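S.K.: Take a look at this one; I'll ask things after.
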Amino acid sequence: MDFAIILIVSVLACFVLRNPLKACPTAFYAAAIAVDVVYMYGVFFGLPRAIWSPLFVLIQKCELALALFVVVMFIGCLSKESRMYKWLKPVRSELSIVAWFLSLGHMAVYLESYVPRLLSGSSVSTNILGAFALAIVLLVLLIILGVTSFAFVKRHMSTATWKKVQKLAYPFFGLVYVHLLLMLLPSALHGGIASSTSVAVYSVVFVGYGLCRIGRALLDRQDAAKVSRVSSVELKDELEAAS
């Protein structure tokens, strides 16, 4: 349920802060890094409960970064003629970079926590081992997608190559869902109310995205076919007029 609330607030914040984010993205990147630093300080040295509690939900559980990634992905489901798309599309890369920075704190702490246990040969449940292996794959994809989201990197890549790299966002997003299920399903299947609620919320978001993205792809294909047919008719008319 926490994620549902964070997602709603994040969507609203994206609309409200769109202009400042576009005008000065560096300030938002710096803020995200600062939040990571405070969170990591809290992990190792402790923080007052009033500060740690929101950081635990937003950063340790990675819910703020995930909410921003959800916004970024759903932008691609919007009609290119819609006002929402035209408002948010110009800051899509900036939003993904902010989410990227926020997720790095989560990744760093969990890697530091689990790697020593795995290397020492400690007993680890199958689902945790699977989730960790998947997390490594996600980290690699995250680094590739995050780095190539920066404008100065994009300028040094061909458009075709950049688009191919950015398509990695689809398997990344899908694997995030699998990762969440590996972490939450065991508890949910044993009657955990919080875990069951989280699985339901995440499933609505991720399955909903999949259906929306497929729907958008089909509509875009239909629109492209219509444009092609219109162009063919216009070309035929021009040829007939010329003859």
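Identifiers for the structure tokens are assigned positionally: chains receive A, B, ... in sequence, residues are indexed from 1 per chain, and ligands are indexed from 1 in the order shown.
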Residues of stretch 90-188 of chain A within 12 Å of stretch 33-42 of chain A: nearest atom pair and distance (Å, one decimal) for each, counting only C-alpha atoms, sorted by chain and number, as CSV?

M.R.:
residue,atom,partner,partner_atom,distance
A:Ile97,CA,A:Ile33,CA,10.9
A:Val98,CA,A:Ile33,CA,8.7
A:Ala99,CA,A:Ile33,CA,10.4
A:Trp100,CA,A:Ile33,CA,9.9
A:Phe101,CA,A:Ile33,CA,6.2
A:Leu102,CA,A:Asp36,CA,6.3
A:Ser103,CA,A:Asp36,CA,8.5
A:Leu104,CA,A:Asp36,CA,7.7
A:Gly105,CA,A:Asp36,CA,5.1
A:His106,CA,A:Asp36,CA,8.1
A:Met107,CA,A:Asp36,CA,10.6
A:Ala108,CA,A:Met40,CA,8.8
A:Val109,CA,A:Met40,CA,7.3
A:Tyr110,CA,A:Met40,CA,10.9
A:Glu112,CA,A:Met40,CA,11.1

S.K.: So which one's closest to A:Gly76, A:Leu139, A:Ala169, A:Met183, A:Val199? Using only C-alpha atoms, please.

M.R.: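 Once distances to A:Gly76 are computed over only C-alpha atoms, the minimum belongs to A:Ala169.
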
S.K.: Select, from A:Leu111, A:Val57, A:Leu184, A:Cys14, the residue with the minimum atom-to-atom distance to A:Leu88, counting only C-alpha atoms.

M.R.: A:Cys14
